[in-house]
Every structure is written in C-alpha cells, then in structure tokens.
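Shown below: work06.cif, with mmCIF, C-alpha atoms, pLDDT in the B column; chains and numbers go by the auth columns.
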data_target
#
loop_
_atom_site.group_PDB
_atom_site.id
_atom_site.type_symbol
_atom_site.label_atom_id
_atom_site.label_comp_id
_atom_site.label_asym_id
_atom_site.label_seq_id
_atom_site.Cartn_x
_atom_site.Cartn_y
_atom_site.Cartn_z
_atom_site.B_iso_or_equiv
_atom_site.auth_seq_id
_atom_site.auth_asym_id
ATOM 1 C CA MET A 1 -25.694 35.299 -77.351 83.00 1 I
ATOM 2 C CA ARG A 2 -24.488 35.236 -73.753 92.00 2 I
ATOM 3 C CA VAL A 3 -21.169 33.374 -73.458 96.00 3 I
ATOM 4 C CA TYR A 4 -19.612 32.116 -70.230 96.00 4 I
ATOM 5 C CA LEU A 5 -15.796 32.102 -70.304 96.00 5 I
ATOM 6 C CA VAL A 6 -14.309 29.220 -68.275 95.00 6 I
ATOM 7 C CA VAL A 7 -10.605 28.637 -67.701 93.00 7 I
ATOM 8 C CA ILE A 8 -9.802 24.921 -67.657 88.00 8 I
ATOM 9 C CA ASP A 9 -6.787 23.218 -66.147 86.00 9 I
ATOM 10 C CA GLU A 10 -6.276 19.842 -64.473 82.00 10 I
ATOM 11 C CA SER A 11 -7.822 20.877 -61.165 86.00 11 I
ATOM 12 C CA PRO A 12 -11.147 19.409 -60.019 87.00 12 I
ATOM 13 C CA GLU A 13 -12.499 22.901 -59.371 91.00 13 I
ATOM 14 C CA ALA A 14 -12.080 23.769 -63.064 89.00 14 I
ATOM 15 C CA LEU A 15 -14.506 20.986 -63.988 87.00 15 I
ATOM 16 C CA ILE A 16 -16.952 22.222 -61.355 90.00 16 I
ATOM 17 C CA ALA A 17 -16.775 25.717 -62.878 93.00 17 I
ATOM 18 C CA LEU A 18 -17.338 24.226 -66.341 90.00 18 I
ATOM 19 C CA ARG A 19 -20.432 22.326 -65.192 89.00 19 I
ATOM 20 C CA PHE A 20 -21.848 25.450 -63.571 93.00 20 I
ATOM 21 C CA ALA A 21 -21.186 27.541 -66.707 93.00 21 I
ATOM 22 C CA ALA A 22 -22.716 24.899 -68.971 90.00 22 I
ATOM 23 C CA ARG A 23 -25.875 24.688 -66.887 89.00 23 I
ATOM 24 C CA ARG A 24 -26.200 28.493 -66.843 92.00 24 I
ATOM 25 C CA ALA A 25 -25.637 28.622 -70.603 92.00 25 I
ATOM 26 C CA VAL A 26 -28.349 26.039 -71.245 89.00 26 I
ATOM 27 C CA LYS A 27 -30.812 27.915 -69.042 89.00 27 I
ATOM 28 C CA THR A 28 -30.072 31.298 -70.644 91.00 28 I
ATOM 29 C CA GLY A 29 -29.754 30.133 -74.255 92.00 29 I
ATOM 30 C CA GLY A 30 -26.072 30.989 -74.241 93.00 30 I
ATOM 31 C CA GLY A 31 -22.767 29.311 -74.917 93.00 31 I
ATOM 32 C CA VAL A 32 -19.484 28.410 -73.284 92.00 32 I
ATOM 33 C CA GLU A 33 -15.957 29.336 -74.245 92.00 33 I
ATOM 34 C CA ILE A 34 -13.249 27.146 -72.768 90.00 34 I
ATOM 35 C CA LEU A 35 -9.843 28.752 -72.332 93.00 35 I
ATOM 36 C CA THR A 36 -6.768 26.695 -71.603 88.00 36 I
ATOM 37 C CA LEU A 37 -3.608 28.548 -70.720 87.00 37 I
ATOM 38 C CA LEU A 38 -0.405 26.963 -71.929 79.00 38 I
ATOM 39 C CA PRO A 39 2.566 27.287 -69.617 70.00 39 I
ATOM 40 C CA THR A 40 5.261 29.684 -70.696 68.00 40 I
ATOM 41 C CA VAL A 41 8.402 27.692 -71.314 57.00 41 I
ATOM 42 C CA ASP A 42 11.641 29.124 -70.013 60.00 42 I
ATOM 43 C CA PHE A 43 14.224 29.613 -72.717 58.00 43 I
ATOM 44 C CA VAL A 44 16.173 26.450 -73.451 57.00 44 I
ATOM 45 C CA GLN A 45 19.523 26.875 -75.144 63.00 45 I
ATOM 46 C CA TRP A 46 18.804 24.276 -77.810 60.00 46 I
ATOM 47 C CA GLY A 47 15.886 25.327 -79.994 58.00 47 I
ATOM 48 C CA GLY A 48 14.856 21.756 -80.843 62.00 48 I
ATOM 49 C CA VAL A 49 14.495 20.861 -77.178 58.00 49 I
ATOM 50 C CA GLN A 50 12.422 23.955 -76.512 59.00 50 I
ATOM 51 C CA ALA A 51 10.188 23.234 -79.517 63.00 51 I
ATOM 52 C CA THR A 52 9.632 19.676 -78.240 63.00 52 I
ATOM 53 C CA ILE A 53 8.741 20.927 -74.748 60.00 53 I
ATOM 54 C CA GLU A 54 6.278 23.457 -76.188 62.00 54 I
ATOM 55 C CA GLU A 55 4.704 20.846 -78.476 64.00 55 I
ATOM 56 C CA GLU A 56 4.260 18.394 -75.591 66.00 56 I
ATOM 57 C CA ALA A 57 2.594 21.114 -73.515 60.00 57 I
ATOM 58 C CA ARG A 58 0.280 21.978 -76.409 63.00 58 I
ATOM 59 C CA LEU A 59 -0.690 18.331 -76.987 64.00 59 I
ATOM 60 C CA HIS A 60 -1.362 17.850 -73.270 64.00 60 I
ATOM 61 C CA ALA A 61 -3.537 20.981 -73.175 62.00 61 I
ATOM 62 C CA GLU A 62 -5.430 19.921 -76.298 69.00 62 I
ATOM 63 C CA ALA A 63 -6.175 16.520 -74.765 68.00 63 I
ATOM 64 C CA LEU A 64 -7.336 18.183 -71.539 66.00 64 I
ATOM 65 C CA VAL A 65 -9.641 20.579 -73.358 68.00 65 I
ATOM 66 C CA ALA A 66 -10.963 17.881 -75.691 70.00 66 I
ATOM 67 C CA GLY A 67 -11.972 15.801 -72.667 69.00 67 I
ATOM 68 C CA ALA A 68 -13.661 18.767 -71.017 68.00 68 I
ATOM 69 C CA ALA A 69 -15.457 19.700 -74.241 67.00 69 I
ATOM 70 C CA GLY A 70 -16.610 16.111 -74.724 70.00 70 I
ATOM 71 C CA THR A 71 -18.037 15.990 -71.216 72.00 71 I
ATOM 72 C CA LEU A 72 -19.740 19.339 -71.760 68.00 72 I
ATOM 73 C CA MET A 73 -21.340 18.225 -75.042 69.00 73 I
ATOM 74 C CA GLU A 74 -22.423 14.902 -73.557 72.00 74 I
ATOM 75 C CA GLU A 75 -24.037 16.434 -70.472 74.00 75 I
ATOM 76 C CA SER A 76 -25.520 19.625 -71.880 73.00 76 I
ATOM 77 C CA GLY A 77 -25.567 19.317 -75.666 77.00 77 I
ATOM 78 C CA LEU A 78 -23.554 22.541 -75.953 79.00 78 I
ATOM 79 C CA ARG A 79 -20.655 22.790 -78.375 81.00 79 I
ATOM 80 C CA PRO A 80 -18.101 25.068 -76.716 84.00 80 I
ATOM 81 C CA THR A 81 -15.662 27.408 -78.365 84.00 81 I
ATOM 82 C CA ILE A 82 -12.135 26.317 -77.485 84.00 82 I
ATOM 83 C CA THR A 83 -9.188 28.667 -77.100 87.00 83 I
ATOM 84 C CA LEU A 84 -5.601 27.727 -76.269 85.00 84 I
ATOM 85 C CA LYS A 85 -3.231 30.593 -75.494 88.00 85 I
ATOM 86 C CA GLN A 86 0.250 30.882 -74.084 85.00 86 I
ATOM 87 C CA GLY A 87 1.270 33.746 -71.873 87.00 87 I
ATOM 88 C CA ASP A 88 0.105 35.780 -68.908 91.00 88 I
ATOM 89 C CA GLY A 89 -3.319 34.442 -67.813 92.00 89 I
ATOM 90 C CA PRO A 90 -4.931 37.671 -66.606 94.00 90 I
ATOM 91 C CA LYS A 91 -3.755 39.563 -69.694 94.00 91 I
ATOM 92 C CA ILE A 92 -5.052 36.867 -72.053 94.00 92 I
ATOM 93 C CA ILE A 93 -8.414 36.782 -70.261 95.00 93 I
ATOM 94 C CA ARG A 94 -8.776 40.568 -70.492 95.00 94 I
ATOM 95 C CA GLU A 95 -7.921 40.446 -74.215 95.00 95 I
ATOM 96 C CA LEU A 96 -10.500 37.711 -74.877 95.00 96 I
ATOM 97 C CA ILE A 97 -13.175 39.674 -73.041 96.00 97 I
ATOM 98 C CA ALA A 98 -12.293 42.838 -74.995 96.00 98 I
ATOM 99 C CA GLU A 99 -12.361 40.963 -78.325 95.00 99 I
ATOM 100 C CA ASN A 100 -15.684 39.207 -77.748 95.00 100 I
ATOM 101 C CA PRO A 101 -18.602 41.392 -76.631 95.00 101 I
ATOM 102 C CA ASN A 102 -20.725 38.239 -76.183 96.00 102 I
ATOM 103 C CA ILE A 103 -18.718 37.105 -73.161 97.00 103 I
ATOM 104 C CA ALA A 104 -21.108 37.807 -70.295 96.00 104 I
ATOM 105 C CA ALA A 105 -19.204 36.358 -67.335 96.00 105 I
ATOM 106 C CA LEU A 106 -15.857 34.910 -66.307 97.00 106 I
ATOM 107 C CA VAL A 107 -16.409 31.646 -64.421 97.00 107 I
ATOM 108 C CA LEU A 108 -13.552 30.373 -62.245 96.00 108 I
ATOM 109 C CA GLY A 109 -13.400 27.498 -59.812 94.00 109 I
ATOM 110 C CA ALA A 110 -11.984 27.962 -56.318 93.00 110 I
ATOM 111 C CA ALA A 111 -10.152 25.147 -54.560 90.00 111 I
ATOM 112 C CA ALA A 112 -12.212 23.268 -51.988 89.00 112 I
ATOM 113 C CA THR A 113 -9.447 23.779 -49.444 90.00 113 I
ATOM 114 C CA GLY A 114 -6.357 25.897 -49.207 88.00 114 I
ATOM 115 C CA ALA A 115 -5.454 29.119 -50.918 87.00 115 I
ATOM 116 C CA PRO A 116 -7.196 30.135 -54.137 85.00 116 I
ATOM 117 C CA GLY A 117 -5.370 29.725 -57.420 88.00 117 I
ATOM 118 C CA PRO A 118 -3.592 32.596 -59.140 90.00 118 I
ATOM 119 C CA LEU A 119 -6.513 33.603 -61.390 92.00 119 I
ATOM 120 C CA VAL A 120 -9.043 33.678 -58.550 92.00 120 I
ATOM 121 C CA SER A 121 -6.549 35.619 -56.416 91.00 121 I
ATOM 122 C CA HIS A 122 -5.906 38.091 -59.209 91.00 122 I
ATOM 123 C CA PHE A 123 -9.458 38.775 -60.345 91.00 123 I
ATOM 124 C CA ALA A 124 -11.026 38.680 -56.874 90.00 124 I
ATOM 125 C CA GLY A 125 -8.158 40.680 -55.362 88.00 125 I
ATOM 126 C CA THR A 126 -6.491 43.741 -56.775 79.00 126 I
ATOM 127 C CA ASP A 127 -8.321 43.538 -60.105 75.00 127 I
ATOM 128 C CA ALA A 128 -11.783 42.867 -58.629 79.00 128 I
ATOM 129 C CA GLY A 129 -13.350 46.097 -59.834 86.00 129 I
ATOM 130 C CA ALA A 130 -11.622 46.298 -63.209 87.00 130 I
ATOM 131 C CA LEU A 131 -13.491 43.633 -65.181 92.00 131 I
ATOM 132 C CA PRO A 132 -16.261 44.851 -67.506 94.00 132 I
ATOM 133 C CA ILE A 133 -18.249 41.661 -66.803 95.00 133 I
ATOM 134 C CA PRO A 134 -19.245 39.728 -63.669 95.00 134 I
ATOM 135 C CA LEU A 135 -16.818 37.290 -62.090 95.00 135 I
ATOM 136 C CA MET A 136 -18.384 34.046 -60.885 95.00 136 I
ATOM 137 C CA ILE A 137 -16.257 32.058 -58.440 95.00 137 I
ATOM 138 C CA ILE A 138 -17.624 28.567 -58.003 95.00 138 I
ATOM 139 C CA PRO A 139 -16.625 26.810 -54.744 93.00 139 I
ATOM 140 C CA GLY A 140 -14.720 23.605 -55.356 91.00 140 I
ATOM 141 C CA SER A 141 -16.534 21.935 -52.469 92.00 141 I
ATOM 142 C CA LEU A 142 -19.840 21.816 -54.360 90.00 142 I
ATOM 143 C CA ASP A 143 -21.011 18.429 -55.577 88.00 143 I
ATOM 144 C CA ARG A 144 -22.943 17.832 -58.810 83.00 144 I
ATOM 145 C CA ASN A 145 -26.330 18.081 -57.075 87.00 145 I
ATOM 146 C CA ALA A 146 -25.451 21.414 -55.482 88.00 146 I
ATOM 147 C CA ILE A 147 -24.217 22.791 -58.800 86.00 147 I
ATOM 148 C CA ASP A 148 -27.375 21.650 -60.542 82.00 148 I
ATOM 149 C CA ARG A 149 -29.538 23.218 -57.831 86.00 149 I
ATOM 150 C CA LEU A 150 -27.644 26.530 -57.823 84.00 150 I
ATOM 151 C CA SER A 151 -27.213 26.963 -61.529 77.00 151 I
#
What do you get writing this file as structure tokens?
Amino acid sequence: MRVYLVVIDESPEALIALRFAARRAVKTGGGVEILTLLPTVDFVQWGGVQATIEEEARLHAEALVAGAAGTLMEESGLRPTITLKQGDGPKIIRELIAENPNIAALVLGAAATGAPGPLVSHFAGTDAGALPIPLMIIPGSLDRNAIDRLS
C-alpha cells in the first residue's frame, strides 16, 4: 500500500500538506502516516523539571496530532498511522522511510510567505537528491479548492 508521510506541526501549511496527502491517498488506495517531531529539550539541572517539560511537550504534540488525525478521518475516512519522535527531524524522517518500504512520498508544506521551514530547506536543498522517494512540497498559499483540484 502506498503511504504518504506528512510531518505535522502547528503551522497552517502542515494542515495543507495533510489535506493534499489524504486526498492523494484516497485516490490511489493508499494511506497516510503523520509524523510529529517533539522538540529536543536542553538539559535542565533538576531531573524532575526536565521530565515535566518533556511530558508537557509530549502531551501538546499528542493533542496536535489527535486533532489532525480526527480532521483527516472526518474528511477522507482514512485512519492514519501516527508517529511521535524526538530528535533530529531529517534523521528521523530518513529512518522512517528506511524502516517502511510502503512510504511512497514525503509531503511537506511550504509557508505561504517568507523563508521555508527547516525541513523544506533541508530536503529541497543540500539533501534534494538523496531521498529514495519523491518529495512533494505543497505551497501554503493554496486554498481547499485548489488542493482538491490539484490532488
């Protein structure tokens, strides 16, 4: 089964990328994997404080991904696979792609204005030719109708 890997954060372009991936998955009989990257917490001298910070970040990410997954299921009927990982984003993405031969494309959203985010910059820049799958960069300026038409 063809799986579209989408990285979700709080940006509006991430939701645009998710909608595009979901529509492609429905049309191709595939699925969607949602990846949320947890921020790496700098070392805090008191372990309890650091554990609390990490737990709050995890709970926030879980709520974010649950909302995105709910929207995806409501609009497309697809039940996504959800992955939460902490660490270096590009490295985690490469590992997920290597572990799952069903991942057919990495779908990222680009900001409607301003500089691209770090993942778009990384994978469309110096690492552009190194991925074993296609990279789909979805413009953040697209509205729902344009996404539906293009996907």
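Coordinates place CA of Pro139 in chain I at a distance of 24.2 Å from CA of Leu84 in chain I.
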Exercise for review: Name the closest residue to Glu95 in chain I among the candidates I:Leu131, I:Val6, I:Ala25, I:Ile34; distances are taken between atoms, counting all atoms listed in the file.
Suggested key: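 So, comparing all the options, the nearest one is I:Leu131.
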Practice item. Starting from the displayed file, determine the output of the PyMOL selection byres ((chain I and resi 100-103) around 9) and express the residue list as a list in words. Key: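 So the PyMOL selection byres ((chain I and resi 100-103) around 9) ends up selecting Met1, Arg2, Val3, Tyr4, Leu5, Gly31, Val32, Glu33, Glu95, Leu96, Ile97, Ala98, Glu99, Ala104, Ala105, Leu106 and Ile133 of chain I.
Counting all atoms listed in the file, the residue from I:Leu38, I:Leu142, I:Ala22, I:Ala128 that sits nearest to Thr83 in chain I is I:Leu38.
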Practice item. Determine the residue set returned by the PyMOL selection byres ((chain I and resi 88) around 12) for the present structure, and present it as a VMD selection string. Key: chain I and resid 36 to 41 85 to 87 89 to 95 118 to 119 122
Produce a file of the selected residues containing C-alpha atoms, as a CSV table (one decimal), in the coordinates of the input.
chain,number,residue,atom,x,y,z
I,36,THR,CA,-6.8,26.7,-71.6
I,37,LEU,CA,-3.6,28.5,-70.7
I,38,LEU,CA,-0.4,27.0,-71.9
I,39,PRO,CA,2.6,27.3,-69.6
I,40,THR,CA,5.3,29.7,-70.7
I,41,VAL,CA,8.4,27.7,-71.3
I,85,LYS,CA,-3.2,30.6,-75.5
I,86,GLN,CA,0.2,30.9,-74.1
I,87,GLY,CA,1.3,33.7,-71.9
I,89,GLY,CA,-3.3,34.4,-67.8
I,90,PRO,CA,-4.9,37.7,-66.6
I,91,LYS,CA,-3.8,39.6,-69.7
I,92,ILE,CA,-5.1,36.9,-72.1
I,93,ILE,CA,-8.4,36.8,-70.3
I,94,ARG,CA,-8.8,40.6,-70.5
I,95,GLU,CA,-7.9,40.4,-74.2
I,118,PRO,CA,-3.6,32.6,-59.1
I,119,LEU,CA,-6.5,33.6,-61.4
I,122,HIS,CA,-5.9,38.1,-59.2
**Study point:** Shortest interatomic distance to Thr81 in chain I - which of I:Gly140, I:Gly30, I:Pro12, I:Pro132, counting only C-alpha atoms
**Key:**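 Counting only C-alpha atoms, the residue closest to Thr81 in chain I is I:Gly30.
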As lines of an AutoDock Vina configuration file: centre and edge lengths in Å, one decimal, of the axis-aligned box holding range 101-117 of chain I with 3 Å per side:
center_x = -13.2
center_y = 32.3
center_z = -62.9
size_x = 21.7
size_y = 24.1
size_z = 33.4
**Study point:** Atomic separation - CA of Glu13 in chain I relative to CA of Glu75 in chain I, Å
**Key:** 17.3 Å
Practice item. Give me the residues within 10 Å of Leu108 in chain I as a PyMOL selection string, counting all atoms listed in the file and dropping any in the same chain fewer than 3 places off. Key: chain I and resi 5-8+13-18+20-21+105+111+117+119-120+123+135-140
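Distances here use all atoms listed in the file; by that measure, the residue among I:Leu35, I:Ser76, I:Pro134, I:Ala146 closest to Asp9 in chain I is I:Leu35.
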Check your understanding: Of the candidates I:Ser151, I:Thr126, I:Ala66, I:Gly114, which one gets nearest to Arg19 in chain I if we count all atoms listed in the file?
Key ->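 When distances to Arg19 in chain I are compared using all atoms listed in the file, the smallest one comes from I:Ser151.
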Check your understanding: When distances are computed from only C-alpha atoms, which of I:Gly109, I:Gly125, I:Pro80, I:Gly29 shows the smallest separation from Ile147 in chain I?
Key -> I:Gly109
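CA of Asn145 in chain I to CA of Glu10 in chain I spans 21.4 Å [interatomic distance, one decimal].
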